[in-house]
$ cat run.tsv   # TSV, C-alpha atoms and all ligand atoms
chain	number	residue	atom	x	y	z
A	1	MET	CA	7.92	13.18	23.98
A	2	SER	CA	8.33	16.88	23.46
A	3	GLU	CA	7.02	18.36	20.23
A	4	LYS	CA	9.66	21.04	20.49
A	5	GLU	CA	12.45	18.72	19.47
A	6	LYS	CA	14.43	20.19	16.64
A	7	ASN	CA	15.21	18.84	13.19
A	8	ILE	CA	12.69	16.08	13.25
A	9	PRO	CA	11.35	15.47	9.76
A	10	LEU	CA	7.60	15.97	9.34
A	11	ILE	CA	5.91	14.02	6.59
A	12	GLY	CA	2.35	14.94	5.64
A	13	SER	CA	0.59	18.23	6.31
A	14	GLY	CA	-0.58	20.15	9.36
A	15	ASP	CA	0.41	19.37	12.93
A	16	PRO	CA	2.12	16.12	13.85
A	17	VAL	CA	-0.35	13.33	14.62
A	18	ILE	CA	2.12	10.49	15.11
A	19	ALA	CA	5.53	10.92	16.73
A	20	VAL	CA	8.14	8.19	16.22
A	21	ARG	CA	11.28	8.44	18.31
A	22	ARG	CA	14.34	6.24	17.83
A	23	ALA	CA	12.13	3.23	17.20
A	24	SER	CA	13.91	-0.04	16.44
A	25	LEU	CA	12.66	-3.59	16.36
A	26	TRP	CA	14.70	-6.76	15.95
A	27	TYR	CA	13.39	-10.23	15.30
A	28	GLY	CA	16.22	-12.03	17.07
A	29	GLN	CA	19.21	-11.19	14.88
A	30	VAL	CA	17.10	-9.79	12.03
A	31	ILE	CA	16.44	-6.08	11.88
A	32	GLY	CA	12.81	-5.15	11.27
A	33	ILE	CA	13.14	-1.37	11.69
A	34	ASN	CA	16.26	0.51	12.63
A	35	ASP	CA	16.30	3.73	14.65
A	36	ILE	CA	13.42	5.62	13.01
A	37	THR	CA	12.64	9.16	14.18
A	38	LEU	CA	10.02	11.29	12.46
A	39	ASP	CA	6.68	13.06	12.79
A	40	ILE	CA	3.69	12.21	10.66
A	41	GLY	CA	0.97	14.76	9.93
A	42	SER	CA	-2.26	14.35	8.00
A	43	GLY	CA	-3.14	13.40	4.43
A	44	VAL	CA	-2.07	10.34	2.49
A	45	ILE	CA	1.48	9.15	3.08
A	46	GLY	CA	3.06	6.45	0.95
A	47	LEU	CA	5.40	4.05	2.70
A	48	LEU	CA	7.49	2.74	-0.13
A	49	GLY	CA	10.17	0.08	-0.10
A	50	PRO	CA	11.14	-3.23	-1.64
A	51	ASN	CA	10.06	-6.58	-0.19
A	52	GLY	CA	11.50	-7.14	3.26
A	53	ALA	CA	12.31	-3.42	3.73
A	54	GLY	CA	10.44	-3.24	7.04
A	55	LYS	CA	7.15	-1.69	5.95
A	56	SER	CA	4.89	-4.19	7.71
A	57	THR	CA	7.03	-4.09	10.83
A	58	PHE	CA	6.90	-0.29	10.88
A	59	MET	CA	3.11	-0.32	10.52
A	60	LYS	CA	2.74	-2.84	13.34
A	61	VAL	CA	4.95	-0.72	15.59
A	62	LEU	CA	2.98	2.42	14.66
A	63	THR	CA	-0.31	0.72	15.51
A	64	GLY	CA	0.92	-0.80	18.78
A	65	GLN	CA	0.70	-4.40	17.54
A	66	LEU	CA	4.43	-4.85	18.09
A	67	HIS	CA	6.41	-3.35	20.91
A	68	PRO	CA	9.61	-1.73	19.64
A	69	SER	CA	12.85	-3.18	21.04
A	70	THR	CA	13.93	0.40	21.74
A	71	GLY	CA	12.30	3.81	21.29
A	72	GLY	CA	8.61	4.57	21.13
A	73	VAL	CA	5.61	5.79	19.18
A	74	ALA	CA	2.96	8.25	20.32
A	75	ILE	CA	-0.31	9.25	18.70
A	76	HIS	CA	-1.62	12.67	19.76
A	77	GLY	CA	1.03	12.60	22.50
A	78	LYS	CA	-0.02	9.24	23.97
A	79	LEU	CA	2.13	6.14	23.71
A	80	VAL	CA	0.46	3.56	21.48
A	81	TRP	CA	1.70	0.40	23.16
A	82	ASN	CA	-0.95	-1.22	25.32
A	83	ASN	CA	-3.29	1.71	24.89
A	84	PRO	CA	-6.85	0.66	23.93
A	85	GLU	CA	-8.01	4.27	23.80
A	86	ILE	CA	-5.71	4.89	20.84
A	87	MET	CA	-7.03	1.81	19.05
A	88	SER	CA	-10.45	3.39	18.64
A	89	LYS	CA	-8.78	6.18	16.65
A	90	VAL	CA	-6.93	3.79	14.35
A	91	GLY	CA	-8.05	1.55	11.47
A	92	PHE	CA	-5.79	-1.14	10.07
A	93	VAL	CA	-5.90	-3.02	6.77
A	94	PRO	CA	-3.47	-5.91	7.21
A	95	GLU	CA	-1.48	-7.42	4.37
A	96	GLN	CA	-2.66	-10.94	5.10
A	97	ASP	CA	-6.21	-12.19	4.84
A	98	ALA	CA	-7.60	-13.19	8.21
A	99	PHE	CA	-11.28	-13.78	7.68
A	100	TYR	CA	-13.99	-15.83	9.22
A	101	GLU	CA	-14.71	-17.35	5.84
A	102	GLU	CA	-18.24	-18.53	6.63
A	103	MET	CA	-19.37	-15.08	7.73
A	104	THR	CA	-20.97	-12.75	5.24
A	105	GLY	CA	-19.18	-9.48	4.52
A	106	LEU	CA	-21.74	-7.61	6.61
A	107	GLU	CA	-21.45	-10.01	9.55
A	108	PHE	CA	-17.66	-9.77	9.44
A	109	VAL	CA	-17.52	-5.95	9.43
A	110	THR	CA	-20.30	-5.73	12.05
A	111	PHE	CA	-18.51	-8.21	14.32
A	112	LEU	CA	-15.18	-6.36	14.18
A	113	THR	CA	-16.90	-3.01	14.70
A	114	GLN	CA	-18.64	-4.39	17.80
A	115	LEU	CA	-15.18	-5.21	19.14
A	116	GLN	CA	-14.51	-1.46	19.04
A	117	GLY	CA	-17.19	-1.09	21.70
A	118	PHE	CA	-20.30	-0.36	19.61
A	119	SER	CA	-23.68	-2.02	20.22
A	120	LYS	CA	-24.71	-4.63	17.64
A	121	GLU	CA	-27.27	-2.26	16.07
A	122	LYS	CA	-24.86	0.67	15.84
A	123	ALA	CA	-22.07	-1.60	14.56
A	124	ALA	CA	-24.37	-2.95	11.83
A	125	GLU	CA	-25.30	0.59	10.80
A	126	LEU	CA	-21.64	1.68	10.65
A	127	ALA	CA	-20.72	-1.54	8.81
A	128	LYS	CA	-23.37	-0.91	6.13
A	129	ASP	CA	-22.07	2.64	5.58
A	130	ALA	CA	-18.46	1.42	5.26
A	131	ILE	CA	-19.47	-1.39	2.91
A	132	ALA	CA	-21.29	1.15	0.76
A	133	GLU	CA	-18.09	3.28	0.73
A	134	VAL	CA	-16.20	0.37	-0.83
A	135	SER	CA	-19.13	-0.45	-3.17
A	136	LEU	CA	-19.81	-3.93	-1.85
A	137	THR	CA	-23.41	-3.44	-0.76
A	138	LYS	CA	-24.71	-5.90	-3.36
A	139	GLU	CA	-22.32	-8.57	-2.10
A	140	GLN	CA	-22.61	-7.85	1.63
A	141	ASP	CA	-24.83	-10.87	2.37
A	142	ARG	CA	-22.59	-13.40	0.63
A	143	PRO	CA	-20.11	-15.50	2.66
A	144	ILE	CA	-16.57	-14.19	2.39
A	145	HIS	CA	-15.24	-17.45	0.93
A	146	THR	CA	-17.16	-16.63	-2.27
A	147	TYR	CA	-15.39	-13.25	-2.65
A	148	SER	CA	-12.76	-12.49	-5.29
A	149	LYS	CA	-9.33	-11.24	-4.23
A	150	GLY	CA	-10.32	-7.63	-4.99
A	151	MET	CA	-13.55	-7.97	-3.00
A	152	ARG	CA	-11.61	-9.40	-0.08
A	153	GLN	CA	-9.34	-6.36	-0.17
A	154	ARG	CA	-12.34	-4.06	-0.17
A	155	ILE	CA	-14.08	-5.78	2.75
A	156	LYS	CA	-10.84	-5.49	4.72
A	157	ILE	CA	-10.87	-1.76	3.98
A	158	ALA	CA	-14.53	-1.54	5.06
A	159	GLN	CA	-13.72	-3.13	8.45
A	160	ALA	CA	-10.89	-0.62	8.92
A	161	LEU	CA	-13.11	2.36	8.02
A	162	ALA	CA	-16.33	1.41	9.83
A	163	HIS	CA	-15.57	2.95	13.23
A	164	LYS	CA	-14.50	6.17	11.46
A	165	PRO	CA	-10.87	6.26	12.60
A	166	GLN	CA	-8.78	9.42	12.35
A	167	ILE	CA	-5.78	7.40	11.26
A	168	LEU	CA	-5.87	4.61	8.72
A	169	PHE	CA	-3.03	2.18	8.06
A	170	MET	CA	-3.12	0.08	4.90
A	171	ASP	CA	-0.53	-2.58	4.24
A	172	GLU	CA	-0.27	-3.21	0.47
A	173	PRO	CA	-4.02	-2.57	-0.11
A	174	LEU	CA	-3.80	-2.92	-3.89
A	175	THR	CA	-2.37	-6.43	-3.91
A	176	GLY	CA	-4.39	-8.73	-6.14
A	177	THR	CA	-6.86	-6.10	-7.33
A	178	ASP	CA	-7.76	-5.70	-11.00
A	179	PRO	CA	-7.41	-2.28	-12.70
A	180	VAL	CA	-11.00	-1.24	-11.94
A	181	GLY	CA	-10.78	-2.34	-8.31
A	182	ARG	CA	-7.42	-0.61	-8.01
A	183	ARG	CA	-8.78	2.68	-9.32
A	184	HIS	CA	-11.67	2.45	-6.90
A	185	ILE	CA	-9.41	1.85	-3.89
A	186	ILE	CA	-7.04	4.66	-4.93
A	187	GLU	CA	-9.96	7.11	-5.17
A	188	LEU	CA	-11.21	5.97	-1.78
A	189	ILE	CA	-7.79	6.46	-0.17
A	190	LYS	CA	-7.55	9.95	-1.66
A	191	LYS	CA	-11.02	10.82	-0.40
A	192	VAL	CA	-10.23	9.70	3.16
A	193	GLY	CA	-6.98	11.71	3.04
A	194	GLU	CA	-8.78	14.82	1.81
A	195	GLN	CA	-11.20	14.60	4.74
A	196	GLY	CA	-8.30	15.44	7.04
A	197	SER	CA	-7.39	11.93	8.24
A	198	THR	CA	-3.91	10.48	8.21
A	199	VAL	CA	-3.70	7.56	5.80
A	200	ILE	CA	-0.51	5.55	5.68
A	201	VAL	CA	-0.32	3.22	2.71
A	202	SER	CA	2.51	0.78	2.10
A	203	SER	CA	3.55	-0.45	-1.30
A	204	HIS	CA	6.61	-1.58	-3.19
A	205	ILE	CA	5.39	0.07	-6.40
A	206	LEU	CA	6.06	3.77	-6.83
A	207	HIS	CA	3.69	4.08	-9.76
A	208	GLU	CA	0.81	2.95	-7.52
A	209	VAL	CA	1.70	5.19	-4.60
A	210	GLU	CA	2.15	8.33	-6.64
A	211	GLN	CA	-1.41	8.05	-7.90
A	212	MET	CA	-2.53	8.57	-4.30
A	213	THR	CA	-0.09	11.08	-2.92
A	214	SER	CA	3.09	13.05	-3.45
A	215	ASN	CA	4.19	12.50	0.17
A	216	ILE	CA	6.49	9.54	0.37
A	217	LEU	CA	8.64	7.79	2.93
A	218	LEU	CA	11.24	5.54	1.37
A	219	ILE	CA	12.26	2.69	3.58
A	220	ASN	CA	15.00	0.13	3.06
A	221	LYS	CA	16.64	-2.36	5.40
A	222	GLY	CA	14.56	-0.99	8.25
A	223	ARG	CA	15.70	2.60	7.80
A	224	VAL	CA	13.90	5.63	6.37
A	225	ILE	CA	16.30	6.65	3.63
A	226	ALA	CA	14.36	9.52	2.10
A	227	ASP	CA	11.23	11.44	2.88
A	228	GLY	CA	9.30	14.13	1.16
A	229	ASN	CA	7.98	14.88	-2.23
A	230	VAL	CA	7.59	12.21	-4.85
A	231	TYR	CA	9.00	14.41	-7.61
A	232	ARG	CA	12.46	14.28	-6.12
A	233	ILE	CA	12.25	10.54	-5.74
A	234	ARG	CA	10.79	10.26	-9.22
A	235	GLU	CA	13.75	12.14	-10.67
A	236	MET	CA	16.11	9.60	-9.16
A	237	ILE	CA	14.01	6.75	-10.45
A	238	ASP	CA	13.68	8.15	-13.94
A	239	GLU	CA	17.41	7.84	-14.34
A	240	HIS	CA	16.83	4.10	-14.29
A	241	PRO	CA	14.51	2.36	-16.75
A	242	HIS	CA	11.33	1.06	-15.20
A	243	THR	CA	10.71	-2.68	-15.50
A	244	ILE	CA	7.27	-4.18	-16.15
A	245	PHE	CA	6.46	-7.88	-16.24
A	246	ILE	CA	3.77	-8.91	-18.71
A	247	GLU	CA	2.02	-12.21	-19.23
A	248	ALA	CA	-0.38	-12.59	-22.16
A	249	ASP	CA	-1.76	-15.42	-24.28
A	250	LYS	CA	0.46	-14.34	-27.22
A	251	ASN	CA	3.62	-13.12	-25.50
A	252	ARG	CA	5.88	-12.96	-28.59
A	253	GLU	CA	3.34	-11.05	-30.67
A	254	PHE	CA	2.63	-8.60	-27.86
A	255	ALA	CA	6.33	-8.06	-27.13
A	256	ALA	CA	6.93	-7.30	-30.82
A	257	LEU	CA	4.14	-4.69	-30.79
A	258	LEU	CA	5.47	-3.01	-27.64
A	259	SER	CA	9.08	-3.01	-28.85
A	260	LYS	CA	8.15	-0.46	-31.56
A	261	PHE	CA	7.89	2.37	-29.01
A	262	ASP	CA	10.98	4.53	-28.45
A	263	ASP	CA	10.75	4.50	-24.66
A	264	VAL	CA	11.02	0.69	-24.57
A	265	VAL	CA	14.73	0.05	-24.17
A	266	GLU	CA	14.82	-3.68	-23.46
A	267	ILE	CA	12.67	-6.80	-23.78
A	268	ARG	CA	13.52	-10.05	-22.07
A	269	PHE	CA	11.54	-13.28	-22.33
A	270	LEU	CA	10.96	-15.20	-19.13
A	271	GLU	CA	9.45	-18.58	-18.42
A	272	ARG	CA	5.80	-17.45	-18.38
A	273	GLY	CA	5.83	-14.02	-19.94
A	274	PHE	CA	8.25	-11.24	-20.71
A	275	GLN	CA	9.74	-8.18	-19.10
A	276	ILE	CA	10.12	-4.78	-20.68
A	277	ALA	CA	12.24	-1.87	-19.54
A	278	THR	CA	10.79	1.55	-20.34
A	279	ARG	CA	11.91	5.11	-19.86
A	280	ASN	CA	8.31	6.33	-19.82
A	281	PRO	CA	6.36	4.14	-17.39
A	282	ASP	CA	3.21	6.28	-17.42
A	283	ALA	CA	2.80	6.06	-21.19
A	284	CYS	CA	3.65	2.39	-21.04
A	285	TYR	CA	1.06	1.60	-18.37
A	286	ASP	CA	-1.60	3.38	-20.45
A	287	ARG	CA	-0.55	1.61	-23.60
A	288	ILE	CA	-0.43	-2.00	-22.35
A	289	PRO	CA	-4.17	-2.62	-21.74
A	290	ARG	CA	-5.17	-0.45	-24.71
A	291	MET	CA	-2.96	-2.32	-27.18
A	292	ALA	CA	-3.94	-5.70	-25.80
A	293	LEU	CA	-7.57	-4.82	-26.42
A	294	GLU	CA	-6.90	-3.44	-29.92
A	295	HIS	CA	-4.95	-6.53	-31.00
A	296	LYS	CA	-7.24	-9.04	-29.27
A	297	ILE	CA	-4.48	-10.20	-26.97
A	298	GLU	CA	-5.58	-11.62	-23.65
A	299	LEU	CA	-3.62	-9.92	-20.90
A	300	LYS	CA	-3.19	-12.28	-17.96
A	301	GLN	CA	-1.24	-9.88	-15.79
A	302	TYR	CA	1.10	-6.94	-15.88
A	303	ALA	CA	2.94	-5.58	-12.91
A	304	SER	CA	5.88	-3.44	-11.99
A	305	GLN	CA	8.99	-5.28	-10.93
A	306	ASP	CA	11.01	-4.21	-7.92
A	307	ASN	CA	14.17	-3.80	-9.97
A	308	ASN	CA	14.01	-0.11	-10.70
A	309	LEU	CA	13.13	0.68	-7.11
A	310	MET	CA	16.00	-1.49	-5.98
A	311	ALA	CA	18.32	0.51	-8.25
A	312	VAL	CA	17.25	3.71	-6.51
A	313	PHE	CA	17.71	2.18	-3.08
A	314	ASN	CA	21.16	0.99	-4.02
A	315	TYR	CA	21.95	4.48	-5.26
A	316	LEU	CA	20.58	6.18	-2.13
A	317	VAL	CA	22.29	3.94	0.39
A	318	ARG	CA	25.63	3.89	-1.38
B	401	LIG	N1	7.97	-12.59	12.44
B	401	LIG	C1	9.19	-12.42	11.95
B	401	LIG	N2	10.24	-13.15	12.39
B	401	LIG	C2	11.48	-12.97	11.90
B	401	LIG	N3	11.81	-12.05	10.96
B	401	LIG	C3	10.80	-11.30	10.47
B	401	LIG	C4	9.45	-11.44	10.93
B	401	LIG	N4	8.68	-10.55	10.26
B	401	LIG	C5	9.51	-9.89	9.44
B	401	LIG	N5	10.78	-10.32	9.55
B	401	LIG	C6	11.97	-9.82	8.82
B	401	LIG	O1	12.05	-8.42	9.08
B	401	LIG	C7	12.42	-7.71	7.90
B	401	LIG	C8	11.35	-6.70	7.55
B	401	LIG	O2	10.16	-7.40	7.18
B	401	LIG	P1	8.76	-6.70	6.86
B	401	LIG	O3	7.75	-7.77	6.67
B	401	LIG	O4	8.50	-5.66	7.85
B	401	LIG	O5	9.09	-6.02	5.45
B	401	LIG	P2	8.11	-5.46	4.34
B	401	LIG	O6	8.75	-4.25	3.80
B	401	LIG	O7	6.74	-5.34	4.89
B	401	LIG	O8	8.17	-6.60	3.26
B	401	LIG	P3	6.96	-7.23	2.39
B	401	LIG	O9	6.56	-6.21	1.40
B	401	LIG	O10	7.65	-8.42	1.78
B	401	LIG	O11	5.89	-7.61	3.38
B	401	LIG	C9	12.65	-8.77	6.83
B	401	LIG	O12	14.02	-9.10	6.81
B	401	LIG	C10	11.82	-9.94	7.33
B	401	LIG	O13	12.38	-11.16	6.86
$ encode --input "run.tsv" --output "structure tokens"
Amino acid sequence: MSEKEKNIPLIGSGDPVIAVRRASLWYGQVIGINDITLDIGSGVIGLLGPNGAGKSTFMKVLTGQLHPSTGGVAIHGKLVWNNPEIMSKVGFVPEQDAFYEEMTGLEFVTFLTQLQGFSKEKAAELAKDAIAEVSLTKEQDRPIHTYSKGMRQRIKIAQALAHKPQILFMDEPLTGTDPVGRRHIIELIKKVGEQGSTVIVSSHILHEVEQMTSNILLINKGRVIADGNVYRIREMIDEHPHTIFIEADKNREFAALLSKFDDVVEIRFLERGFQIATRNPDACYDRIPRMALEHKIELKQYASQDNNLMAVFNYLVR
């Protein structure tokens, strides 16, 4: 693949690290990704799209876990498919949990690092460093089946980081994490990006991704439908109210408190909680935990809904 090809979008900074050319993948009749061509440089890149958009498929094609039906992917000029040399440069945090539950965190990360070709001693040393990076040292000798969801996410990140890859892929790394765990992972992702690596992070929540980076690839129905700076994408999104689902022990009382703010344009009660539409998501996200605490309301969960993102996708693909 020639790097001199013209008009190929480059997302991220510096020289291209990953080159994707006309890559498509079908699962039988179903399209996973559809004719994607772009270059990816370094820094943190958010891969954003609603459920089923093709994010996981794209990541698996980029990492050589799936062979594209047509087209190809190269990292540093070398095709990724069936190329073990490339694998040592890549770390992957999968969406699903696939643990050896009886292993301790340290055993798990050491074992997977050994598979990268390191001796047991060296792998254990690298594993300890990576576990420290994700602040799990205190828990490293506990079996994984005793870990919380957030800890499981972090140990997955440690296994991806341990062999010090130049490129890190993370499929929905914030799923199931609490606010403190989320902040920690976001800071970690930013740090790895600032060290000059390429970090590709998928999510279906813009608010999460924009805390890590302003470089975004929007993907829908297997196609990249926009790339570039988050501000442009944000502008499109801000035209549509942002929807947040909230579940608390006193839903009606909490909804009444939140409805007093001008940016809240709609409240709808659902089976377990309620949904609010806001024109100022940032203020709203700050306000929700603060007000719950102030009014002694137990917040069971709050999360962005796909709806506003879907509205933007509908608008972009029209
Ligand atoms: N193994 C598979 N067999 C058949 N179809 C699949 C398979 N994996 C994914 N698909 C389909 O391919 C499309 C893209 O799925 P993919 O999992 O890549 O999307 P995604 O953006 O990662 O979604 P999510 O956030 O829900 O994981 C979807 O229509 C999905 O149903």
$ atom_distance --input "run.tsv" --atom1 "CA of Ile288 in chain A" --atom2 "CA of Asp262 in chain A"
14.5 Å
$ residues_near_ligand --input "run.tsv" --ligand "ligand LIG 401 (chain B)" --cutoff "8 Å" --atoms "only C-alpha atoms and all ligand atoms" --output "ChimeraX atom specification"
/A:26-28,30-33,49-58,95,171-172,202-204,219-222
$ atom_distance --input "run.tsv" --atom1 "CA of Gly193 in chain A" --atom2 "CA of Ser42 in chain A"
7.3 Å
$ residues_near_point --input "run.tsv" --point "(11.0, 5.4, 1.2)" --cutoff "9 Å" --atoms "only C-alpha atoms" --output "PyMOL selection string"
chain A and resi 46-49+216-220+223-228+233+313
$ write_last_selection --input "run.tsv" --atoms "C-alpha atoms" --output "CSV table (one decimal), in the coordinates of the input"
chain,number,residue,atom,x,y,z
A,46,GLY,CA,3.1,6.4,1.0
A,47,LEU,CA,5.4,4.0,2.7
A,48,LEU,CA,7.5,2.7,-0.1
A,49,GLY,CA,10.2,0.1,-0.1
A,216,ILE,CA,6.5,9.5,0.4
A,217,LEU,CA,8.6,7.8,2.9
A,218,LEU,CA,11.2,5.5,1.4
A,219,ILE,CA,12.3,2.7,3.6
A,220,ASN,CA,15.0,0.1,3.1
A,223,ARG,CA,15.7,2.6,7.8
A,224,VAL,CA,13.9,5.6,6.4
A,225,ILE,CA,16.3,6.6,3.6
A,226,ALA,CA,14.4,9.5,2.1
A,227,ASP,CA,11.2,11.4,2.9
A,228,GLY,CA,9.3,14.1,1.2
A,233,ILE,CA,12.2,10.5,-5.7
A,313,PHE,CA,17.7,2.2,-3.1
$ atom_distance --input "run.tsv" --atom1 "CA of Met87 in chain A" --atom2 "CA of Phe111 in chain A"
16.0 Å
$ closest_atom_pairs --input "run.tsv" --of "range 189-303 of chain A" --to "range 130-139 of chain A" --cutoff "12 Å" --atoms "all atoms listed in the file" --output "JSON lines"
{"residue": "A:Ile189", "atom": "CA", "partner": "A:Val134", "partner_atom": "CA", "distance": 10.4}
{"residue": "A:Lys191", "atom": "CA", "partner": "A:Glu133", "partner_atom": "CA", "distance": 10.4}
{"residue": "A:Val192", "atom": "CA", "partner": "A:Glu133", "partner_atom": "CA", "distance": 10.4}
$ closest_residue --input "run.tsv" --among "A:Glu294, A:Asp39, A:Asp178, A:Asp263" --to "Pro281 in chain A" --atoms "only C-alpha atoms"
A:Asp263
$ closest_residue --input "run.tsv" --among "A:Ile200, A:Ala160, A:Leu10, A:Leu299" --to "Phe245 in chain A" --atoms "all atoms listed in the file"
A:Leu299
$ residues_around --input "run.tsv" --residues "His163 in chain A" --least-positions-apart "5" --cutoff "10 Å" --atoms "all atoms listed in the file" --output "count of residues only"
18
$ closest_residue --input "run.tsv" --among "A:Tyr100, A:Pro179, A:Glu121, A:Ser24" --to "His145 in chain A" --atoms "all atoms listed in the file"
A:Tyr100
$ closest_residue --input "run.tsv" --among "A:Thr63, A:Gln166, A:Thr175, A:Gln195" --to "Gly150 in chain A" --atoms "only C-alpha atoms"
A:Thr175
$ closest_residue --input "run.tsv" --among "A:Thr177, A:Asn34, A:Gln301, A:Asn82" --to "Ile244 in chain A" --atoms "all atoms listed in the file"
A:Gln301
$ decode --input "run.tsv" --residues "range 123-156 of chain A" --atoms "C-alpha atoms" --output "PDB file, in the first residue's frame"
ATOM      1  CA  ALA A 123       6.470 -11.515  32.127  1.00  0.00           C
ATOM      2  CA  ALA A 124       5.802 -11.358  35.887  1.00  0.00           C
ATOM      3  CA  GLU A 125       7.856  -8.170  36.159  1.00  0.00           C
ATOM      4  CA  LEU A 126       5.998  -6.538  33.247  1.00  0.00           C
ATOM      5  CA  ALA A 127       2.663  -7.760  34.639  1.00  0.00           C
ATOM      6  CA  LYS A 128       3.354  -6.170  38.039  1.00  0.00           C
ATOM      7  CA  ASP A 129       4.204  -2.834  36.384  1.00  0.00           C
ATOM      8  CA  ALA A 130       1.014  -2.901  34.284  1.00  0.00           C
ATOM      9  CA  ILE A 131      -1.107  -3.865  37.286  1.00  0.00           C
ATOM     10  CA  ALA A 132       0.380  -0.943  39.194  1.00  0.00           C
ATOM     11  CA  GLU A 133      -0.529   1.334  36.245  1.00  0.00           C
ATOM     12  CA  VAL A 134      -4.184   0.368  36.656  1.00  0.00           C
ATOM     13  CA  SER A 135      -3.937   0.581  40.490  1.00  0.00           C
ATOM     14  CA  LEU A 136      -4.757  -3.044  41.202  1.00  0.00           C
ATOM     15  CA  THR A 137      -1.574  -4.008  43.030  1.00  0.00           C
ATOM     16  CA  LYS A 138      -3.435  -4.601  46.296  1.00  0.00           C
ATOM     17  CA  GLU A 139      -5.836  -6.975  44.560  1.00  0.00           C
ATOM     18  CA  GLN A 140      -3.320  -8.715  42.279  1.00  0.00           C
ATOM     19  CA  ASP A 141      -3.176 -11.920  44.337  1.00  0.00           C
ATOM     20  CA  ARG A 142      -6.944 -12.419  44.499  1.00  0.00           C
ATOM     21  CA  PRO A 143      -8.684 -14.794  42.057  1.00  0.00           C
ATOM     22  CA  ILE A 144     -10.399 -12.941  39.232  1.00  0.00           C
ATOM     23  CA  HIS A 145     -13.829 -14.352  40.107  1.00  0.00           C
ATOM     24  CA  THR A 146     -13.773 -12.161  43.235  1.00  0.00           C
ATOM     25  CA  TYR A 147     -13.241  -8.967  41.179  1.00  0.00           C
ATOM     26  CA  SER A 148     -15.891  -6.292  40.646  1.00  0.00           C
ATOM     27  CA  LYS A 149     -16.883  -5.300  37.101  1.00  0.00           C
ATOM     28  CA  GLY A 150     -14.614  -2.237  37.238  1.00  0.00           C
ATOM     29  CA  MET A 151     -11.674  -4.302  38.495  1.00  0.00           C
ATOM     30  CA  ARG A 152     -12.235  -6.802  35.703  1.00  0.00           C
ATOM     31  CA  GLN A 153     -12.066  -3.950  33.197  1.00  0.00           C
ATOM     32  CA  ARG A 154      -8.834  -2.739  34.719  1.00  0.00           C
ATOM     33  CA  ILE A 155      -7.151  -6.156  34.724  1.00  0.00           C
ATOM     34  CA  LYS A 156      -8.086  -6.500  31.048  1.00  0.00           C
TER      35      LYS A 156
END
